[in-house]
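K.L.:
Have a look at this one before I ask anything.
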Number of protein chains: 2
Amino acid sequence: MTEAQLIAILDDEPEIRRLLSSALEQAGFRTQCFGRATEFEAALRRMTPDACLIDLGLPDRDGLALVHRLATESGAAIIIISGRAQVQDRVTGLELGADDYIIKPFEPAEVVARIRARLRRPVQGAASRAQTLRFAGWTADFDRYLLTAPDGAETPLSHAEAEVLRMFTDNPRRLITRAQMLETLGGAAGESFDRAMDVRISRLRTKLGEDPKNPRLIKTIYGAGYIFLAEIG
Amino acid sequence: MTEAQLIAILDDEPEIRRLLSSALEQAGFRTQCFGRATEFEAALRRMTPDACLIDLGLPDRDGLALVHRLATESGAAIIIISGRAQVQDRVTGLELGADDYIIKPFEPAEVVARIRARLRRPVQGAASRAQTLRFAGWTADFDRYLLTAPDGAETPLSHAEAEVLRMFTDNPRRLITRAQMLETLGGAAGESFDRAMDVRISRLRTKLGEDPKNPRLIKTIYGAGYIFLAEIG
DNA sequence: CGGGAATCCAACAAAATGTTACAACGCTTC
DNA sequence: GAAGCGTTGTAACATTTTGTTGGATTCCCG
């Protein structure tokens with residue numbers, strides 16, 4: 001048997017830290033507590049927790065930004081604890097990469113159960129997103145905003161185009177809804193902003209040399225969204 | 001990991017089924033609804049959903065037992081929806097293998113976000129279903145929305161047509177009632193929406209080269225529904 | 001065989017998406 | 001600061017997909 005799994009706890013109230021820590025240790029986990037985000041971030045360089053419990057109400061940093069960074073860079077399960085009970089808060093937290101969202105006041109037993117549920121399935125290794133990737137002969141360099149055609153021709157990518165392409169390459173061969181795009185690309189369901197989406201995609205298609213009648217890479221699913229058809233290499 | 005992910009919904013209230021189904025389809029998932037556990041279990045033999053939304057308040061079976069069986073035998077993410085708000089209920093559900101536990105009344109947006117959070121990491125052992133399947137010489141590619149005739153001719157499939165065809169290939173040689181179709185496909189069962197069904201099927205039949213007088217693949221059962229007659233390979 | 005209901009289908013209307021031109025904005029350079 | 005360049009959103013129009021409608025057709029059953 002391996003050693004106990006490590007849970008990092010980030011909360012500014014000592015009382016809560018003690019409560020959580022005690023319940024988790026009781027349940028057989030190891031814990032490490034932090035009162036401030038900076039402390040926590042510093043500690044991350046020398047430890048890799050299996051799960052992180054994060055209170056969003058931190059004074060010294062934007063909690064959501066931290067959650068997002070953790071979600072993309074670390075392989076740990078991320079569980080938000082928050083006093084904000086609005087549905088929108090929960091949705092945002094989960095969309096940003098949190099694996100669960102627990103509302104205060106919470107019951108320690110439930111927190112334990114939720115952490116167990118999260119750790120039951122193997123946690124994915126920290127997969128940092130490659131900045132350069134290839135698909136169908138093309139090469140997209142998101143550092144330099146450069147798109148290289150199969151024949152070697154280089155085209156600059158605008159930011160808007162890169163955003164769309166990134167979204168596609170992050171979810172290859174999967175339906176991406178318009179709503180999803182709008183959400184990710186910033187524009188809240190703006191009135192006429194989804195028209196801008198079309199234009200962005202149209203421009204990206206042009207740069208990818210798509211045949212309007214028969215797009216091979218970015219396929220439209222009328223009434224549903226788009227699919228990016230390519231193996232990412 | 002190729003086509004849209006499939007979510008199974010098990011709830012005895014049609015209203016809730018419609019609500020969830022509609023929100024999830026909007027978000028880019030495919031859904032299949034069931035009103036009773038026995039139905040659901042029968043269907044599991046021929047489909048492998050990526051996630052299951054299960055209402056615990058089912059009349060015809062012990063929901064928790066079902067959850068436990070699913071958790072151990074299927075690779076799908078399991079999310080309980082329940083009216084029982086006690087902490088002990090939640091803990092029990094999670095301990096039995098559920099991945100999440102949502103309390104009624106719920107907000108569809110949050111359900112979507114939680115399912116996304118659950119499916120973000122690769123689902124364990126969930127054998128992704130074939131994205132391309134064959135029947136009676138035809139080939140249906142649901143990634144590319146492409147239908148290939150026995151003679152090799154390719155026809156694009158529209159989303160509406162693909163939805164219908166998928167429903168057929170998911171339940172070959174089995175009666176599909178109109179009500180079932182309306183529920184799985186449209187959701188918003190408008191007054192004259194079942195007329196639209198006819199049209200969808202009619203269009204699909206045309207693409208499949210069916211003889212109106214003597215359909216070989218999609219057979220009408222007068223007063224009952226349709227049957228898709230073909231071995232799926 | 002006839003009546004009523006269910007289903008099919010062709011033409012139309014509505015909605016969603018693609019495309020192009022243009023104007024506003026920001027950034028650089030002189 | 002003005003001219004030049006690229007980027008981006010908006011509006012207008014073209015195109016495609018989908019839902020709707022109404023009548024023709026088919027089916028069931030007596």
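Numbering starts fresh at 1 for the residues of each chain in the structure tokens, the chains themselves are lettered A, B, ... in the order given, and ligands are numbered from 1 as they appear.
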Produce the least-squares-superposed copy of chain B, fitted on chain A over all in-order C-alpha pairs, as a short mmCIF file (atom, residue, chain, number, x, y, z; two decimals) with C-alpha atoms, in the first residue's frame.
P.N.:
data_model
loop_
_atom_site.label_atom_id
_atom_site.label_comp_id
_atom_site.auth_asym_id
_atom_site.auth_seq_id
_atom_site.Cartn_x
_atom_site.Cartn_y
_atom_site.Cartn_z
CA MET B 1 5.75 20.72 -14.83
CA THR B 2 5.99 22.32 -18.14
CA GLU B 3 3.08 24.57 -18.82
CA ALA B 4 0.92 26.60 -16.55
CA GLN B 5 -0.78 24.44 -13.98
CA LEU B 6 -4.44 23.66 -14.32
CA ILE B 7 -6.89 24.27 -11.50
CA ALA B 8 -10.36 22.82 -11.63
CA ILE B 9 -13.07 24.82 -9.88
CA LEU B 10 -16.29 23.19 -8.80
CA ASP B 11 -18.87 25.52 -7.34
CA ASP B 12 -22.52 26.00 -8.05
CA GLU B 13 -22.48 29.79 -7.77
CA PRO B 14 -21.35 31.47 -10.96
CA GLU B 15 -20.25 34.52 -9.02
CA ILE B 16 -17.78 32.52 -6.95
CA ARG B 17 -16.53 30.65 -9.99
CA ARG B 18 -15.75 33.90 -11.70
CA LEU B 19 -14.06 35.33 -8.67
CA LEU B 20 -11.80 32.33 -8.17
CA SER B 21 -11.11 31.82 -11.80
CA SER B 22 -10.11 35.41 -12.30
CA ALA B 23 -7.82 35.49 -9.27
CA LEU B 24 -6.10 32.26 -10.27
CA GLU B 25 -5.57 33.25 -13.87
CA GLN B 26 -4.14 36.48 -12.62
CA ALA B 27 -1.70 34.40 -10.62
CA GLY B 28 -0.61 32.45 -13.64
CA PHE B 29 -2.72 29.33 -13.41
CA ARG B 30 -5.10 27.98 -15.97
CA THR B 31 -8.59 27.24 -14.75
CA GLN B 32 -11.59 25.26 -15.77
CA CYS B 33 -14.93 25.84 -14.08
CA PHE B 34 -17.80 23.50 -13.39
CA GLY B 35 -21.16 24.15 -11.86
CA ARG B 36 -22.18 20.60 -11.15
CA ALA B 37 -20.42 17.53 -9.90
CA THR B 38 -21.60 15.35 -12.75
CA GLU B 39 -20.14 17.74 -15.29
CA PHE B 40 -16.93 17.83 -13.35
CA GLU B 41 -16.65 14.07 -13.11
CA ALA B 42 -17.28 13.69 -16.81
CA ALA B 43 -14.55 16.18 -17.59
CA LEU B 44 -12.08 14.35 -15.39
CA ARG B 45 -11.90 11.58 -17.94
CA ARG B 46 -10.18 13.82 -20.37
CA MET B 47 -8.20 16.18 -18.19
CA THR B 48 -5.94 15.91 -15.18
CA PRO B 49 -5.96 19.08 -13.13
CA ASP B 50 -3.08 19.81 -10.79
CA ALA B 51 -5.46 20.98 -8.11
CA CYS B 52 -9.21 20.93 -7.51
CA LEU B 53 -11.15 23.57 -5.61
CA ILE B 54 -14.36 22.01 -4.44
CA ASP B 55 -17.32 23.63 -2.81
CA LEU B 56 -18.95 21.24 -0.41
CA GLY B 57 -22.37 22.79 -0.65
CA LEU B 58 -23.25 21.25 -3.97
CA PRO B 59 -26.86 20.39 -4.55
CA ASP B 60 -26.46 17.45 -6.84
CA ARG B 61 -24.10 15.15 -5.04
CA ASP B 62 -22.46 14.44 -1.75
CA GLY B 63 -19.35 16.55 -1.82
CA LEU B 64 -17.42 14.57 0.72
CA ALA B 65 -17.81 11.37 -1.25
CA LEU B 66 -16.44 13.14 -4.26
CA VAL B 67 -13.52 14.44 -2.26
CA HIS B 68 -12.73 10.98 -1.05
CA ARG B 69 -12.85 9.49 -4.50
CA LEU B 70 -10.62 12.23 -5.87
CA ALA B 71 -8.16 11.81 -3.05
CA THR B 72 -7.74 8.14 -3.64
CA GLU B 73 -7.93 8.04 -7.39
CA SER B 74 -6.42 11.28 -8.62
CA GLY B 75 -3.07 12.77 -7.89
CA ALA B 76 -4.39 16.31 -7.76
CA ALA B 77 -4.23 18.49 -4.70
CA ILE B 78 -7.72 18.83 -3.26
CA ILE B 79 -8.90 21.94 -1.54
CA ILE B 80 -12.30 22.17 0.02
CA ILE B 81 -14.19 25.41 0.17
CA SER B 82 -17.12 25.37 2.49
CA GLY B 83 -19.53 27.46 4.40
CA ARG B 84 -19.58 24.96 7.22
CA ALA B 85 -17.26 26.32 9.82
CA GLN B 86 -17.45 23.65 12.50
CA VAL B 87 -14.20 22.12 13.55
CA GLN B 88 -15.67 18.68 13.08
CA ASP B 89 -16.44 19.43 9.44
CA ARG B 90 -12.90 20.56 8.83
CA VAL B 91 -11.41 17.54 10.51
CA THR B 92 -13.64 15.21 8.55
CA GLY B 93 -12.79 16.85 5.26
CA LEU B 94 -9.08 16.69 5.92
CA GLU B 95 -9.25 13.10 7.13
CA LEU B 96 -11.07 12.11 3.99
CA GLY B 97 -8.13 13.21 1.93
CA ALA B 98 -8.48 16.93 1.32
CA ASP B 99 -5.21 18.83 1.40
CA ASP B 100 -6.70 22.02 2.68
CA TYR B 101 -10.01 23.39 3.91
CA ILE B 102 -10.97 27.00 3.36
CA ILE B 103 -13.99 28.59 4.96
CA LYS B 104 -16.36 31.00 3.28
CA PRO B 105 -16.25 33.85 3.00
CA PHE B 106 -12.73 33.62 1.69
CA GLU B 107 -10.21 36.07 0.35
CA PRO B 108 -9.07 35.24 -3.19
CA ALA B 109 -5.49 36.18 -2.36
CA GLU B 110 -5.41 33.59 0.38
CA VAL B 111 -6.87 30.92 -1.85
CA VAL B 112 -4.13 31.61 -4.36
CA ALA B 113 -1.46 31.47 -1.68
CA ARG B 114 -2.79 28.20 -0.33
CA ILE B 115 -2.91 26.61 -3.75
CA ARG B 116 0.63 27.74 -4.36
CA ALA B 117 1.72 26.26 -1.07
CA ARG B 118 0.07 23.01 -2.02
CA LEU B 119 1.62 22.85 -5.47
CA ARG B 120 5.06 23.98 -4.39
CA ARG B 121 6.07 20.47 -3.64
CA PRO B 122 5.80 18.05 -6.49
CA VAL B 123 2.34 16.65 -6.78
CA GLN B 124 2.18 12.94 -6.40
CA GLY B 125 1.77 10.97 -9.57
CA ALA B 126 0.10 13.80 -11.37
CA ALA B 127 0.88 12.83 -14.89
CA SER B 128 1.72 16.14 -16.44
CA ARG B 129 -0.25 16.47 -19.57
CA ALA B 130 1.38 16.69 -22.91
CA GLN B 131 2.67 20.14 -23.53
CA THR B 132 2.71 19.47 -27.21
CA LEU B 133 -0.10 17.87 -29.08
CA ARG B 134 -0.98 17.10 -32.63
CA PHE B 135 -4.15 17.21 -34.64
CA ALA B 136 -4.84 16.91 -38.34
CA GLY B 137 -1.20 17.36 -39.25
CA TRP B 138 -0.77 20.43 -37.09
CA THR B 139 1.33 20.66 -33.98
CA ALA B 140 0.49 22.96 -31.10
CA ASP B 141 3.22 23.65 -28.57
CA PHE B 142 1.69 25.39 -25.59
CA ASP B 143 5.04 25.86 -23.92
CA ARG B 144 6.45 27.91 -26.68
CA TYR B 145 3.15 29.22 -27.93
CA LEU B 146 4.02 27.88 -31.32
CA LEU B 147 1.84 26.43 -34.01
CA THR B 148 3.40 24.25 -36.69
CA ALA B 149 1.56 23.71 -39.94
CA PRO B 150 1.46 20.35 -41.70
CA ASP B 151 4.08 21.66 -44.11
CA GLY B 152 6.37 22.58 -41.23
CA ALA B 153 5.82 26.33 -41.21
CA GLU B 154 5.85 27.80 -37.73
CA THR B 155 3.53 30.53 -36.53
CA PRO B 156 3.65 32.11 -33.10
CA LEU B 157 0.47 31.76 -31.07
CA SER B 158 -0.62 34.69 -29.01
CA HIS B 159 -1.90 34.08 -25.51
CA ALA B 160 -5.48 34.78 -26.45
CA GLU B 161 -5.29 32.43 -29.39
CA ALA B 162 -3.60 29.73 -27.36
CA GLU B 163 -6.33 29.97 -24.74
CA VAL B 164 -8.97 29.34 -27.32
CA LEU B 165 -7.08 26.56 -29.01
CA ARG B 166 -6.42 24.85 -25.72
CA MET B 167 -10.07 24.97 -24.89
CA PHE B 168 -10.77 23.30 -28.21
CA THR B 169 -8.14 20.61 -27.87
CA ASP B 170 -9.28 19.94 -24.33
CA ASN B 171 -12.77 19.20 -25.64
CA PRO B 172 -12.43 17.81 -29.12
CA ARG B 173 -15.51 16.80 -31.08
CA ARG B 174 -17.73 18.35 -28.49
CA LEU B 175 -19.97 21.35 -28.60
CA ILE B 176 -18.57 24.32 -26.74
CA THR B 177 -21.11 27.01 -26.06
CA ARG B 178 -20.24 30.63 -26.10
CA ALA B 179 -21.17 30.92 -22.46
CA GLN B 180 -18.67 28.22 -21.60
CA MET B 181 -15.98 30.04 -23.47
CA LEU B 182 -16.69 33.35 -21.88
CA GLU B 183 -16.56 31.80 -18.46
CA THR B 184 -13.37 29.85 -18.96
CA LEU B 185 -11.55 32.52 -20.87
CA GLY B 186 -12.59 36.01 -20.04
CA GLY B 187 -14.30 35.84 -16.73
CA ALA B 188 -15.15 39.51 -16.90
CA ALA B 189 -18.12 39.05 -19.17
CA GLY B 190 -18.46 42.58 -20.41
CA GLU B 191 -21.34 43.52 -22.60
CA SER B 192 -19.62 43.31 -25.91
CA PHE B 193 -17.03 40.84 -24.82
CA ASP B 194 -18.57 37.98 -26.72
CA ARG B 195 -17.75 39.93 -29.82
CA ALA B 196 -14.13 39.63 -28.80
CA MET B 197 -14.63 35.89 -28.78
CA ASP B 198 -15.56 35.98 -32.43
CA VAL B 199 -12.44 37.89 -33.19
CA ARG B 200 -10.25 35.53 -31.26
CA ILE B 201 -11.71 32.60 -33.09
CA SER B 202 -11.47 34.39 -36.36
CA ARG B 203 -7.81 35.08 -35.80
CA LEU B 204 -7.13 31.53 -34.77
CA ARG B 205 -8.93 30.30 -37.86
CA THR B 206 -6.74 32.45 -40.02
CA LYS B 207 -3.62 30.99 -38.45
CA LEU B 208 -5.00 27.53 -38.99
CA GLY B 209 -5.50 28.37 -42.64
CA GLU B 210 -9.20 27.76 -42.52
CA ASP B 211 -11.37 28.50 -45.50
CA PRO B 212 -14.07 30.86 -44.20
CA LYS B 213 -16.68 29.27 -46.39
CA ASN B 214 -15.81 25.80 -45.38
CA PRO B 215 -14.00 25.52 -42.06
CA ARG B 216 -12.63 22.06 -41.49
CA LEU B 217 -11.31 22.29 -37.97
CA ILE B 218 -13.35 24.89 -36.12
CA LYS B 219 -16.96 24.55 -37.06
CA THR B 220 -19.63 27.06 -36.13
CA ILE B 221 -22.93 25.73 -34.84
CA TYR B 222 -25.28 28.55 -35.47
CA GLY B 223 -27.06 29.62 -32.32
CA ALA B 224 -25.19 27.17 -30.14
CA GLY B 225 -21.44 27.46 -30.24
CA TYR B 226 -18.43 25.79 -31.82
CA ILE B 227 -17.04 22.34 -32.36
CA PHE B 228 -13.43 21.43 -32.88
CA LEU B 229 -13.28 18.61 -35.36
CA ALA B 230 -10.04 16.70 -35.10
CA GLU B 231 -8.50 13.69 -33.48
CA ILE B 232 -6.00 14.76 -30.88
CA GLY B 233 -2.82 12.72 -31.04
#
K.L.:
Give me, as a PyMOL selection string, the residues of chain D touching chain B, with the criterion being at most 12 Å (counting only C-alpha atoms (C1' of nucleotides)).
P.N.:
chain D and resi 16-22+25-28
K.L.:
Identify, on the basis of only C-alpha atoms (C1' of nucleotides), every residue whose closest approach to D:DA12 does not exceed 12 Å; exclude the query and any residue fewer than 5 positions from it along the same chain; express the result as a list in words.
P.N.:
DT19, DT20, DA21 and DC22 of chain C
K.L.:
Pick out the chain C residues within 10 Å of chain A. Count only C-alpha atoms (C1' of nucleotides). Give them as a list in words.
P.N.:
DA15, DA16, DT17, DG18 and DT19 of chain C
K.L.:
As an MDAnalysis selection string, which residues of stretch 41-203 of chain A does DSSP assign to strand (DSSP E)?
P.N.:
chainID A and resid 51:55 77:82 100:103 132:135 138:141 146:148 154:156 175:177
K.L.:
With C-alpha atoms retained, write the just-selected residues as a compact mmCIF listing (two decimals), in the first residue's frame.
P.N.:
# COMPACT_ATOMS: atom_id res chain seq x y z
CA ALA A 51 -6.42 17.37 -3.91
CA CYS A 52 -6.76 21.04 -2.99
CA LEU A 53 -9.55 22.51 -0.91
CA ILE A 54 -9.75 26.19 -1.70
CA ASP A 55 -11.80 28.87 -0.06
CA ALA A 77 -8.35 17.53 -7.83
CA ILE A 78 -9.62 20.99 -7.01
CA ILE A 79 -12.53 21.58 -4.69
CA ILE A 80 -13.86 25.03 -4.08
CA ILE A 81 -15.40 25.97 -0.78
CA SER A 82 -17.31 29.17 -0.84
CA ASP A 100 -16.40 20.29 -7.12
CA TYR A 101 -17.98 23.25 -5.40
CA ILE A 102 -19.11 23.08 -1.81
CA ILE A 103 -21.13 25.80 -0.14
CA THR A 132 2.91 24.36 -30.62
CA LEU A 133 0.87 21.61 -32.09
CA ARG A 134 0.28 19.92 -35.37
CA PHE A 135 -2.84 18.72 -37.07
CA TRP A 138 -0.70 22.24 -40.32
CA THR A 139 1.30 23.67 -37.47
CA ALA A 140 -0.13 26.15 -35.02
CA ASP A 141 2.28 28.09 -32.84
CA LEU A 146 1.79 31.69 -36.40
CA LEU A 147 0.04 29.19 -38.61
CA THR A 148 2.11 27.08 -40.99
CA GLU A 154 3.33 30.91 -42.88
CA THR A 155 0.36 33.03 -41.94
CA PRO A 156 0.07 35.19 -38.88
CA LEU A 175 -19.10 19.07 -30.73
CA ILE A 176 -18.56 22.59 -29.48
CA THR A 177 -21.71 24.55 -28.87
K.L.:
Give the alpha helix (DSSP H) residues of stretch 113-220 of chain B, as assigned by DSSP on the backbone, as a PyMOL selection string.
P.N.:
chain B and resi 113-120+159-170+178-184+193-207
K.L.:
Take atom C1' of C:DA13 and atom C1' of D:DT10 and report the distance between them in Å, one decimal.
P.N.:
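Pair atom C1' of C:DA13 / atom C1' of D:DT10 returns 26.4 Å.
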K.L.:
Using atom C1' of D:DT7 and atom C1' of C:DC27 as the two end points, give the distance in Å to one decimal.
P.N.:
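Atom C1' of C:DC27 lies at a distance of 10.2 Å from atom C1' of D:DT7.
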